[in-house]
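Colleague: Have a peek at my_file-v6.txt (compact mmCIF, N, CA, C and O atoms).
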# COMPACT_ATOMS: atom_id res chain seq x y z
N MET A 274 0.82 -1.19 0.00
CA MET A 274 0.00 0.00 0.00
C MET A 274 0.86 1.25 0.00
O MET A 274 0.49 2.24 -0.59
N ASP A 275 2.01 1.15 0.70
CA ASP A 275 2.90 2.29 0.79
C ASP A 275 3.46 2.66 -0.59
O ASP A 275 3.53 3.84 -0.94
N GLY A 276 3.86 1.66 -1.35
CA GLY A 276 4.43 1.90 -2.68
C GLY A 276 3.40 2.45 -3.65
O GLY A 276 3.73 3.25 -4.53
N THR A 277 2.16 2.05 -3.52
CA THR A 277 1.10 2.51 -4.42
C THR A 277 0.85 4.00 -4.23
O THR A 277 0.65 4.74 -5.20
N ALA A 278 0.86 4.47 -2.99
CA ALA A 278 0.64 5.89 -2.72
C ALA A 278 1.75 6.74 -3.33
O ALA A 278 1.50 7.81 -3.91
N ILE A 279 2.97 6.25 -3.23
CA ILE A 279 4.11 6.99 -3.79
C ILE A 279 3.99 7.04 -5.32
O ILE A 279 4.22 8.09 -5.95
N ILE A 280 3.62 5.93 -5.95
CA ILE A 280 3.45 5.89 -7.41
C ILE A 280 2.35 6.85 -7.85
O ILE A 280 2.49 7.57 -8.84
N ILE A 281 1.25 6.89 -7.10
CA ILE A 281 0.13 7.78 -7.44
C ILE A 281 0.57 9.24 -7.31
O ILE A 281 0.27 10.07 -8.20
N ILE A 282 1.30 9.56 -6.27
CA ILE A 282 1.79 10.94 -6.07
C ILE A 282 2.73 11.32 -7.21
O ILE A 282 2.64 12.43 -7.77
N LEU A 283 3.64 10.43 -7.57
CA LEU A 283 4.57 10.72 -8.66
C LEU A 283 3.83 10.85 -10.00
O LEU A 283 4.18 11.71 -10.83
N ALA A 284 2.82 10.03 -10.21
CA ALA A 284 2.04 10.11 -11.45
C ALA A 284 1.30 11.45 -11.54
O ALA A 284 1.29 12.09 -12.60
N ILE A 285 0.71 11.85 -10.42
CA ILE A 285 -0.01 13.14 -10.41
C ILE A 285 0.96 14.30 -10.65
O ILE A 285 0.67 15.22 -11.42
N ALA A 286 2.12 14.25 -10.04
CA ALA A 286 3.12 15.30 -10.23
C ALA A 286 3.61 15.32 -11.68
O ALA A 286 3.81 16.38 -12.27
N GLY A 287 3.78 14.14 -12.28
CA GLY A 287 4.21 14.07 -13.67
C GLY A 287 3.17 14.63 -14.62
O GLY A 287 3.48 15.39 -15.55
N VAL A 288 1.91 14.27 -14.40
CA VAL A 288 0.82 14.80 -15.24
C VAL A 288 0.72 16.31 -15.09
O VAL A 288 0.55 17.04 -16.08
N ALA A 289 0.85 16.79 -13.86
CA ALA A 289 0.76 18.24 -13.63
C ALA A 289 1.90 18.97 -14.34
O ALA A 289 1.69 20.03 -14.94
N SER A 290 3.11 18.41 -14.28
CA SER A 290 4.24 19.08 -14.93
C SER A 290 4.08 19.06 -16.45
O SER A 290 4.41 20.05 -17.13
N VAL A 291 3.57 17.97 -17.01
CA VAL A 291 3.34 17.92 -18.45
C VAL A 291 2.27 18.94 -18.85
O VAL A 291 2.41 19.64 -19.87
N LEU A 292 1.21 19.04 -18.07
CA LEU A 292 0.16 20.02 -18.36
C LEU A 292 0.69 21.45 -18.28
O LEU A 292 0.38 22.29 -19.14
N LEU A 293 1.49 21.73 -17.26
CA LEU A 293 2.07 23.07 -17.14
C LEU A 293 2.99 23.38 -18.31
O LEU A 293 3.00 24.50 -18.84
N PHE A 294 3.78 22.39 -18.73
CA PHE A 294 4.67 22.58 -19.88
C PHE A 294 3.86 22.86 -21.14
O PHE A 294 4.21 23.75 -21.94
N ALA A 295 2.76 22.13 -21.34
CA ALA A 295 1.92 22.34 -22.53
C ALA A 295 1.25 23.71 -22.49
O ALA A 295 1.20 24.42 -23.50
N VAL A 296 0.75 24.11 -21.34
CA VAL A 296 0.10 25.42 -21.20
C VAL A 296 1.11 26.53 -21.44
O VAL A 296 0.82 27.53 -22.11
N LYS A 297 2.32 26.37 -20.92
CA LYS A 297 3.36 27.39 -21.14
C LYS A 297 3.69 27.51 -22.62
O LYS A 297 3.86 28.61 -23.15
N GLY A 298 3.78 26.38 -23.31
CA GLY A 298 4.05 26.42 -24.75
C GLY A 298 2.96 27.13 -25.53
O GLY A 298 3.24 27.91 -26.44
N ILE A 299 1.71 26.89 -25.16
CA ILE A 299 0.59 27.56 -25.84
C ILE A 299 0.62 29.06 -25.55
O ILE A 299 0.44 29.88 -26.45
N LEU A 300 0.85 29.41 -24.29
CA LEU A 300 0.87 30.83 -23.93
C LEU A 300 2.04 31.56 -24.59
O LEU A 300 1.92 32.75 -24.90
N ASP A 301 3.15 30.88 -24.79
CA ASP A 301 4.28 31.50 -25.47
C ASP A 301 3.97 31.80 -26.94
O ASP A 301 4.54 32.72 -27.53
N GLN A 302 3.08 31.04 -27.53
CA GLN A 302 2.74 31.24 -28.94
C GLN A 302 1.66 32.30 -29.16
O GLN A 302 1.49 32.79 -30.27
N LEU A 303 0.91 32.64 -28.12
CA LEU A 303 -0.20 33.58 -28.27
C LEU A 303 0.21 34.95 -28.82
O LEU A 303 -0.49 35.48 -29.68
N PRO A 304 1.30 35.57 -28.37
CA PRO A 304 1.67 36.88 -28.94
C PRO A 304 1.90 36.81 -30.45
O PRO A 304 1.49 37.72 -31.18
N ASP A 305 2.51 35.73 -30.93
CA ASP A 305 2.72 35.58 -32.37
C ASP A 305 1.39 35.41 -33.10
O ASP A 305 1.21 35.94 -34.20
N VAL A 306 0.47 34.69 -32.50
CA VAL A 306 -0.85 34.50 -33.12
C VAL A 306 -1.58 35.83 -33.20
O VAL A 306 -2.17 36.17 -34.24
N PHE A 307 -1.55 36.62 -32.14
CA PHE A 307 -2.21 37.91 -32.14
C PHE A 307 -1.58 38.86 -33.16
O PHE A 307 -2.28 39.61 -33.85
N GLU A 308 -0.26 38.83 -33.27
CA GLU A 308 0.43 39.68 -34.25
C GLU A 308 0.06 39.28 -35.67
O GLU A 308 -0.20 40.12 -36.52
N SER A 309 0.00 37.99 -35.94
CA SER A 309 -0.40 37.52 -37.26
C SER A 309 -1.83 37.92 -37.57
O SER A 309 -2.15 38.32 -38.69
N PHE A 310 -2.70 37.80 -36.58
CA PHE A 310 -4.10 38.20 -36.77
C PHE A 310 -4.20 39.69 -37.08
O PHE A 310 -4.95 40.10 -37.97
N ARG A 311 -3.42 40.51 -36.38
CA ARG A 311 -3.45 41.95 -36.61
C ARG A 311 -2.97 42.29 -38.01
O ARG A 311 -3.56 43.11 -38.71
N ARG A 312 -1.89 41.62 -38.45
CA ARG A 312 -1.38 41.88 -39.80
C ARG A 312 -2.39 41.44 -40.86
O ARG A 312 -2.58 42.13 -41.87
N ALA A 313 -3.05 40.31 -40.65
CA ALA A 313 -4.05 39.84 -41.61
C ALA A 313 -5.24 40.80 -41.66
O ALA A 313 -5.76 41.10 -42.74
N ARG A 314 -5.65 41.29 -40.50
CA ARG A 314 -6.77 42.24 -40.46
C ARG A 314 -6.41 43.54 -41.17
O ARG A 314 -7.22 44.09 -41.94
N ASP A 315 -5.20 44.05 -40.96
CA ASP A 315 -4.77 45.27 -41.63
C ASP A 315 -4.69 45.08 -43.14
O ASP A 315 -5.09 45.95 -43.91
N ALA A 316 -4.18 43.94 -43.57
CA ALA A 316 -4.10 43.66 -45.00
C ALA A 316 -5.50 43.57 -45.61
O ALA A 316 -5.74 44.06 -46.73
N TRP A 317 -6.43 42.98 -44.90
CA TRP A 317 -7.82 42.87 -45.39
C TRP A 317 -8.44 44.27 -45.52
O TRP A 317 -9.11 44.56 -46.50
N LYS A 318 -8.19 45.14 -44.54
CA LYS A 318 -8.72 46.51 -44.61
C LYS A 318 -8.14 47.26 -45.79
O LYS A 318 -8.84 47.97 -46.51
N ARG A 319 -6.82 47.11 -46.01
CA ARG A 319 -6.18 47.78 -47.15
C ARG A 319 -6.74 47.27 -48.47
O ARG A 319 -6.98 48.04 -49.40
N LEU A 320 -6.98 45.96 -48.56
CA LEU A 320 -7.54 45.38 -49.77
C LEU A 320 -8.93 45.93 -50.04
O LEU A 320 -9.26 46.30 -51.17
N LYS A 321 -9.76 46.01 -49.00
CA LYS A 321 -11.11 46.55 -49.16
C LYS A 321 -11.07 48.02 -49.58
O LYS A 321 -11.86 48.45 -50.41
N GLU A 322 -10.16 48.80 -48.99
CA GLU A 322 -10.05 50.22 -49.36
C GLU A 322 -9.63 50.37 -50.81
O GLU A 322 -10.15 51.22 -51.52
N GLU A 323 -8.70 49.55 -51.27
CA GLU A 323 -8.26 49.62 -52.67
C GLU A 323 -9.39 49.25 -53.61
O GLU A 323 -9.56 49.87 -54.66
N GLN A 324 -10.20 48.26 -53.24
CA GLN A 324 -11.32 47.87 -54.08
C GLN A 324 -12.38 48.97 -54.11
O GLN A 324 -12.97 49.24 -55.15
N ASP A 325 -12.61 49.63 -52.98
CA ASP A 325 -13.58 50.72 -52.94
C ASP A 325 -13.12 51.89 -53.80
O ASP A 325 -13.91 52.52 -54.49
N GLU A 326 -11.82 52.19 -53.74
CA GLU A 326 -11.29 53.29 -54.55
C GLU A 326 -11.36 52.95 -56.04
O GLU A 326 -11.63 53.81 -56.86
N ALA A 327 -11.12 51.71 -56.40
CA ALA A 327 -11.16 51.31 -57.80
C ALA A 327 -12.60 51.31 -58.32
O ALA A 327 -12.83 51.53 -59.51
N ALA A 328 -13.56 51.06 -57.46
CA ALA A 328 -14.96 51.01 -57.88
C ALA A 328 -15.54 52.39 -58.10
O ALA A 328 -16.50 52.55 -58.86
N LYS A 329 -14.97 53.42 -57.49
CA LYS A 329 -15.49 54.78 -57.65
C LYS A 329 -15.09 55.32 -59.02
O LYS A 329 -13.93 55.25 -59.41
N PRO A 330 -16.04 55.90 -59.78
CA PRO A 330 -15.67 56.49 -61.07
C PRO A 330 -14.94 57.81 -60.85
O PRO A 330 -15.19 58.53 -59.88
N ASP A 331 -14.03 58.12 -61.74
CA ASP A 331 -13.32 59.39 -61.67
C ASP A 331 -14.25 60.51 -62.11
O ASP A 331 -14.95 60.40 -63.10
N ASP A 332 -14.22 61.60 -61.37
CA ASP A 332 -15.06 62.74 -61.72
C ASP A 332 -14.49 63.51 -62.90
O ASP A 332 -15.21 64.28 -63.55
N THR A 333 -13.22 63.33 -63.21
CA THR A 333 -12.59 64.10 -64.28
C THR A 333 -12.87 63.52 -65.65
O THR A 333 -12.74 64.22 -66.64
N GLU A 334 -13.28 62.27 -65.73
CA GLU A 334 -13.53 61.67 -67.04
C GLU A 334 -14.87 62.13 -67.59
O GLU A 334 -15.84 62.28 -66.86
N GLU A 335 -14.89 62.35 -68.89
CA GLU A 335 -16.14 62.72 -69.54
C GLU A 335 -16.86 61.44 -69.95
O GLU A 335 -16.24 60.43 -70.25
N PRO A 336 -18.18 61.49 -69.99
CA PRO A 336 -18.90 60.29 -70.41
C PRO A 336 -18.64 60.02 -71.89
O PRO A 336 -18.37 60.95 -72.66
N PRO A 337 -18.69 58.76 -72.30
CA PRO A 337 -18.42 58.46 -73.71
C PRO A 337 -19.51 59.05 -74.59
O PRO A 337 -20.66 59.21 -74.17
N PRO A 338 -19.15 59.42 -75.84
CA PRO A 338 -20.16 60.00 -76.73
C PRO A 338 -21.23 58.98 -77.06
O PRO A 338 -20.97 57.78 -77.14
N SER A 339 -22.44 59.47 -77.21
CA SER A 339 -23.53 58.56 -77.53
C SER A 339 -23.44 58.14 -78.98
O SER A 339 -23.00 58.90 -79.85
N VAL A 340 -23.85 56.93 -79.27
CA VAL A 340 -23.78 56.38 -80.62
C VAL A 340 -25.19 56.38 -81.18
O VAL A 340 -26.13 55.88 -80.55
N THR A 341 -25.33 56.94 -82.36
CA THR A 341 -26.65 56.94 -83.01
C THR A 341 -26.67 55.85 -84.05
O THR A 341 -25.69 55.60 -84.75
N VAL A 342 -27.78 55.17 -84.12
CA VAL A 342 -27.94 54.07 -85.07
C VAL A 342 -28.90 54.55 -86.15
O VAL A 342 -30.01 55.00 -85.86
N SER A 343 -28.46 54.45 -87.39
CA SER A 343 -29.34 54.86 -88.48
C SER A 343 -30.41 53.80 -88.71
O SER A 343 -30.26 52.64 -88.33
N ALA A 344 -31.47 54.19 -89.36
CA ALA A 344 -32.59 53.27 -89.58
C ALA A 344 -32.19 52.12 -90.50
O ALA A 344 -32.75 51.03 -90.42
N ASP A 345 -31.20 52.31 -91.38
CA ASP A 345 -30.78 51.26 -92.29
C ASP A 345 -30.02 50.15 -91.55
O ASP A 345 -30.01 49.00 -92.02
N ASP A 346 -29.39 50.48 -90.45
CA ASP A 346 -28.58 49.49 -89.72
C ASP A 346 -29.41 48.60 -88.81
O ASP A 346 -28.92 47.60 -88.31
N GLU A 347 -30.64 48.96 -88.58
CA GLU A 347 -31.47 48.15 -87.66
C GLU A 347 -31.81 46.83 -88.34
O GLU A 347 -32.20 46.79 -89.49
N GLN A 348 -31.66 45.75 -87.60
CA GLN A 348 -31.96 44.42 -88.13
C GLN A 348 -32.84 43.70 -87.13
O GLN A 348 -32.87 44.02 -85.95
N GLU A 349 -33.55 42.72 -87.63
CA GLU A 349 -34.36 41.88 -86.77
C GLU A 349 -33.44 40.99 -85.94
O GLU A 349 -32.45 40.49 -86.46
N PRO A 350 -33.75 40.76 -84.67
CA PRO A 350 -32.94 39.82 -83.90
C PRO A 350 -33.13 38.42 -84.43
O PRO A 350 -34.17 38.11 -85.00
N PRO A 351 -32.14 37.57 -84.28
CA PRO A 351 -32.28 36.20 -84.80
C PRO A 351 -33.40 35.47 -84.07
O PRO A 351 -33.62 35.65 -82.87
N ALA A 352 -34.10 34.66 -84.84
CA ALA A 352 -35.22 33.91 -84.27
C ALA A 352 -34.70 32.73 -83.47
O ALA A 352 -33.68 32.14 -83.80
N ALA A 353 -35.41 32.42 -82.40
CA ALA A 353 -35.00 31.27 -81.58
C ALA A 353 -35.32 29.98 -82.31
O ALA A 353 -36.33 29.87 -83.00
N ALA A 354 -34.47 29.00 -82.17
CA ALA A 354 -34.67 27.74 -82.87
C ALA A 354 -35.68 26.88 -82.20
O ALA A 354 -35.93 26.83 -81.07
If you convert what's in this file into structure tokens, what do you get?
Modeller:
Amino acid sequence: MDGTAIIIILAIAGVASVLLFAVKGILDQLPDVFESFRRARDAWKRLKEEQDEAAKPDDTEEPPPSVTVSADDEQEPPAAA
């Protein structure tokens, strides 16, 4: 009975130390994860801003000239088969 108690105590201490080691490793990685998340979020915002700027028409451009179609150029649309 004496030996069993010692084995149980050592097993609990070993499990606790492994858990602490694993938690420390995860906590050490968190700053890098947060930094990567921040960089990804900033890149996403820049991408959205560039797309919004590209979608806006320039006020300096003139509209294209209108095209007039003469009556001779009008044709019937092709009939559906």
Colleague: Work out how far CA of Val306 (chain A) is from CA of Glu323 (chain A), in Å to one decimal.
Modeller: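 Answer for the CA of Glu323 (chain A) to CA of Val306 (chain A) separation: 25.8 Å.
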Colleague: So how far away is CA of Lys297 (chain A) from atom C of Ile281 (chain A), in Å?
Modeller: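 Computed distance, atom C of Ile281 (chain A) to CA of Lys297 (chain A), equals 23.0 Å.
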Colleague: Report, in Å to a single decimal, how far apart CA of Arg311 (chain A) and atom O of Gly298 (chain A) are.
Modeller: 18.6 Å
Colleague: How about completing region 303-314 of chain A with all heavy atoms and giving it to me as a PDB file, in the frame of the given file?
Modeller:
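For reference, rebuild27.pdb as written:
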ATOM      1  N   LEU A 303       0.910  32.640 -28.120  1.00  0.00           N
ATOM      2  CA  LEU A 303      -0.200  33.580 -28.270  1.00  0.00           C
ATOM      3  C   LEU A 303       0.210  34.950 -28.820  1.00  0.00           C
ATOM      4  O   LEU A 303      -0.490  35.480 -29.680  1.00  0.00           O
ATOM      5  CB  LEU A 303      -0.950  33.743 -26.948  1.00  0.00           C
ATOM      6  CG  LEU A 303      -1.883  32.592 -26.588  1.00  0.00           C
ATOM      7  CD1 LEU A 303      -2.549  32.861 -25.244  1.00  0.00           C
ATOM      8  CD2 LEU A 303      -2.924  32.384 -27.663  1.00  0.00           C
ATOM      9  N   PRO A 304       1.300  35.570 -28.370  1.00  0.00           N
ATOM     10  CA  PRO A 304       1.670  36.880 -28.940  1.00  0.00           C
ATOM     11  C   PRO A 304       1.900  36.810 -30.450  1.00  0.00           C
ATOM     12  O   PRO A 304       1.490  37.720 -31.180  1.00  0.00           O
ATOM     13  CB  PRO A 304       2.950  37.258 -28.199  1.00  0.00           C
ATOM     14  CG  PRO A 304       2.868  36.517 -26.917  1.00  0.00           C
ATOM     15  CD  PRO A 304       2.175  35.233 -27.227  1.00  0.00           C
ATOM     16  N   ASP A 305       2.510  35.730 -30.930  1.00  0.00           N
ATOM     17  CA  ASP A 305       2.720  35.580 -32.370  1.00  0.00           C
ATOM     18  C   ASP A 305       1.390  35.410 -33.100  1.00  0.00           C
ATOM     19  O   ASP A 305       1.210  35.940 -34.200  1.00  0.00           O
ATOM     20  CB  ASP A 305       3.619  34.384 -32.655  1.00  0.00           C
ATOM     21  CG  ASP A 305       5.030  34.582 -32.129  1.00  0.00           C
ATOM     22  OD1 ASP A 305       5.458  35.754 -32.012  1.00  0.00           O
ATOM     23  OD2 ASP A 305       5.689  33.566 -31.838  1.00  0.00           O
ATOM     24  N   VAL A 306       0.470  34.690 -32.500  1.00  0.00           N
ATOM     25  CA  VAL A 306      -0.850  34.500 -33.120  1.00  0.00           C
ATOM     26  C   VAL A 306      -1.580  35.830 -33.200  1.00  0.00           C
ATOM     27  O   VAL A 306      -2.170  36.170 -34.240  1.00  0.00           O
ATOM     28  CB  VAL A 306      -1.681  33.464 -32.320  1.00  0.00           C
ATOM     29  CG1 VAL A 306      -3.117  33.420 -32.796  1.00  0.00           C
ATOM     30  CG2 VAL A 306      -1.049  32.094 -32.428  1.00  0.00           C
ATOM     31  N   PHE A 307      -1.550  36.620 -32.140  1.00  0.00           N
ATOM     32  CA  PHE A 307      -2.210  37.910 -32.140  1.00  0.00           C
ATOM     33  C   PHE A 307      -1.580  38.860 -33.160  1.00  0.00           C
ATOM     34  O   PHE A 307      -2.280  39.610 -33.850  1.00  0.00           O
ATOM     35  CB  PHE A 307      -2.196  38.548 -30.751  1.00  0.00           C
ATOM     36  CG  PHE A 307      -3.030  37.806 -29.741  1.00  0.00           C
ATOM     37  CD1 PHE A 307      -2.624  37.718 -28.426  1.00  0.00           C
ATOM     38  CD2 PHE A 307      -4.210  37.190 -30.096  1.00  0.00           C
ATOM     39  CE1 PHE A 307      -3.390  37.046 -27.488  1.00  0.00           C
ATOM     40  CE2 PHE A 307      -4.986  36.507 -29.170  1.00  0.00           C
ATOM     41  CZ  PHE A 307      -4.571  36.439 -27.865  1.00  0.00           C
ATOM     42  N   GLU A 308      -0.260  38.830 -33.270  1.00  0.00           N
ATOM     43  CA  GLU A 308       0.430  39.680 -34.250  1.00  0.00           C
ATOM     44  C   GLU A 308       0.060  39.280 -35.670  1.00  0.00           C
ATOM     45  O   GLU A 308      -0.200  40.120 -36.520  1.00  0.00           O
ATOM     46  CB  GLU A 308       1.946  39.574 -34.042  1.00  0.00           C
ATOM     47  CG  GLU A 308       2.763  40.365 -35.039  1.00  0.00           C
ATOM     48  CD  GLU A 308       2.586  41.863 -34.886  1.00  0.00           C
ATOM     49  OE1 GLU A 308       2.176  42.318 -33.804  1.00  0.00           O
ATOM     50  OE2 GLU A 308       2.853  42.575 -35.871  1.00  0.00           O
ATOM     51  N   SER A 309       0.000  37.990 -35.940  1.00  0.00           N
ATOM     52  CA  SER A 309      -0.400  37.520 -37.260  1.00  0.00           C
ATOM     53  C   SER A 309      -1.830  37.920 -37.570  1.00  0.00           C
ATOM     54  O   SER A 309      -2.150  38.320 -38.690  1.00  0.00           O
ATOM     55  CB  SER A 309      -0.260  36.004 -37.353  1.00  0.00           C
ATOM     56  OG  SER A 309       1.079  35.626 -37.199  1.00  0.00           O
ATOM     57  N   PHE A 310      -2.700  37.800 -36.580  1.00  0.00           N
ATOM     58  CA  PHE A 310      -4.100  38.200 -36.770  1.00  0.00           C
ATOM     59  C   PHE A 310      -4.200  39.690 -37.080  1.00  0.00           C
ATOM     60  O   PHE A 310      -4.950  40.100 -37.970  1.00  0.00           O
ATOM     61  CB  PHE A 310      -4.918  37.865 -35.521  1.00  0.00           C
ATOM     62  CG  PHE A 310      -6.342  38.329 -35.607  1.00  0.00           C
ATOM     63  CD1 PHE A 310      -7.263  37.640 -36.383  1.00  0.00           C
ATOM     64  CD2 PHE A 310      -6.765  39.454 -34.925  1.00  0.00           C
ATOM     65  CE1 PHE A 310      -8.570  38.067 -36.475  1.00  0.00           C
ATOM     66  CE2 PHE A 310      -8.069  39.894 -35.011  1.00  0.00           C
ATOM     67  CZ  PHE A 310      -8.982  39.198 -35.787  1.00  0.00           C
ATOM     68  N   ARG A 311      -3.420  40.510 -36.380  1.00  0.00           N
ATOM     69  CA  ARG A 311      -3.450  41.950 -36.610  1.00  0.00           C
ATOM     70  C   ARG A 311      -2.970  42.290 -38.010  1.00  0.00           C
ATOM     71  O   ARG A 311      -3.560  43.110 -38.710  1.00  0.00           O
ATOM     72  CB  ARG A 311      -2.586  42.682 -35.569  1.00  0.00           C
ATOM     73  CG  ARG A 311      -2.689  44.199 -35.646  1.00  0.00           C
ATOM     74  CD  ARG A 311      -1.715  44.887 -34.700  1.00  0.00           C
ATOM     75  NE  ARG A 311      -0.329  44.593 -35.003  1.00  0.00           N
ATOM     76  CZ  ARG A 311       0.357  45.190 -35.982  1.00  0.00           C
ATOM     77  NH1 ARG A 311      -0.190  46.083 -36.743  1.00  0.00           N
ATOM     78  NH2 ARG A 311       1.624  44.869 -36.176  1.00  0.00           N
ATOM     79  N   ARG A 312      -1.890  41.620 -38.450  1.00  0.00           N
ATOM     80  CA  ARG A 312      -1.380  41.880 -39.800  1.00  0.00           C
ATOM     81  C   ARG A 312      -2.390  41.440 -40.860  1.00  0.00           C
ATOM     82  O   ARG A 312      -2.580  42.130 -41.870  1.00  0.00           O
ATOM     83  CB  ARG A 312      -0.048  41.175 -40.008  1.00  0.00           C
ATOM     84  CG  ARG A 312       1.107  41.911 -39.343  1.00  0.00           C
ATOM     85  CD  ARG A 312       2.440  41.286 -39.690  1.00  0.00           C
ATOM     86  NE  ARG A 312       2.584  40.075 -38.875  1.00  0.00           N
ATOM     87  CZ  ARG A 312       3.059  38.924 -39.321  1.00  0.00           C
ATOM     88  NH1 ARG A 312       3.443  38.804 -40.559  1.00  0.00           N
ATOM     89  NH2 ARG A 312       3.151  37.884 -38.517  1.00  0.00           N
ATOM     90  N   ALA A 313      -3.050  40.310 -40.650  1.00  0.00           N
ATOM     91  CA  ALA A 313      -4.050  39.840 -41.610  1.00  0.00           C
ATOM     92  C   ALA A 313      -5.240  40.800 -41.660  1.00  0.00           C
ATOM     93  O   ALA A 313      -5.760  41.100 -42.740  1.00  0.00           O
ATOM     94  CB  ALA A 313      -4.509  38.435 -41.237  1.00  0.00           C
ATOM     95  N   ARG A 314      -5.650  41.290 -40.500  1.00  0.00           N
ATOM     96  CA  ARG A 314      -6.770  42.240 -40.460  1.00  0.00           C
ATOM     97  C   ARG A 314      -6.410  43.540 -41.170  1.00  0.00           C
ATOM     98  O   ARG A 314      -7.220  44.090 -41.940  1.00  0.00           O
ATOM     99  CB  ARG A 314      -7.159  42.512 -39.004  1.00  0.00           C
ATOM    100  CG  ARG A 314      -8.409  43.369 -38.854  1.00  0.00           C
ATOM    101  CD  ARG A 314      -8.661  43.720 -37.412  1.00  0.00           C
ATOM    102  NE  ARG A 314      -7.519  44.508 -36.944  1.00  0.00           N
ATOM    103  CZ  ARG A 314      -7.113  44.569 -35.698  1.00  0.00           C
ATOM    104  NH1 ARG A 314      -7.720  43.868 -34.775  1.00  0.00           N
ATOM    105  NH2 ARG A 314      -6.090  45.317 -35.350  1.00  0.00           N
TER     106      ARG A 314
END
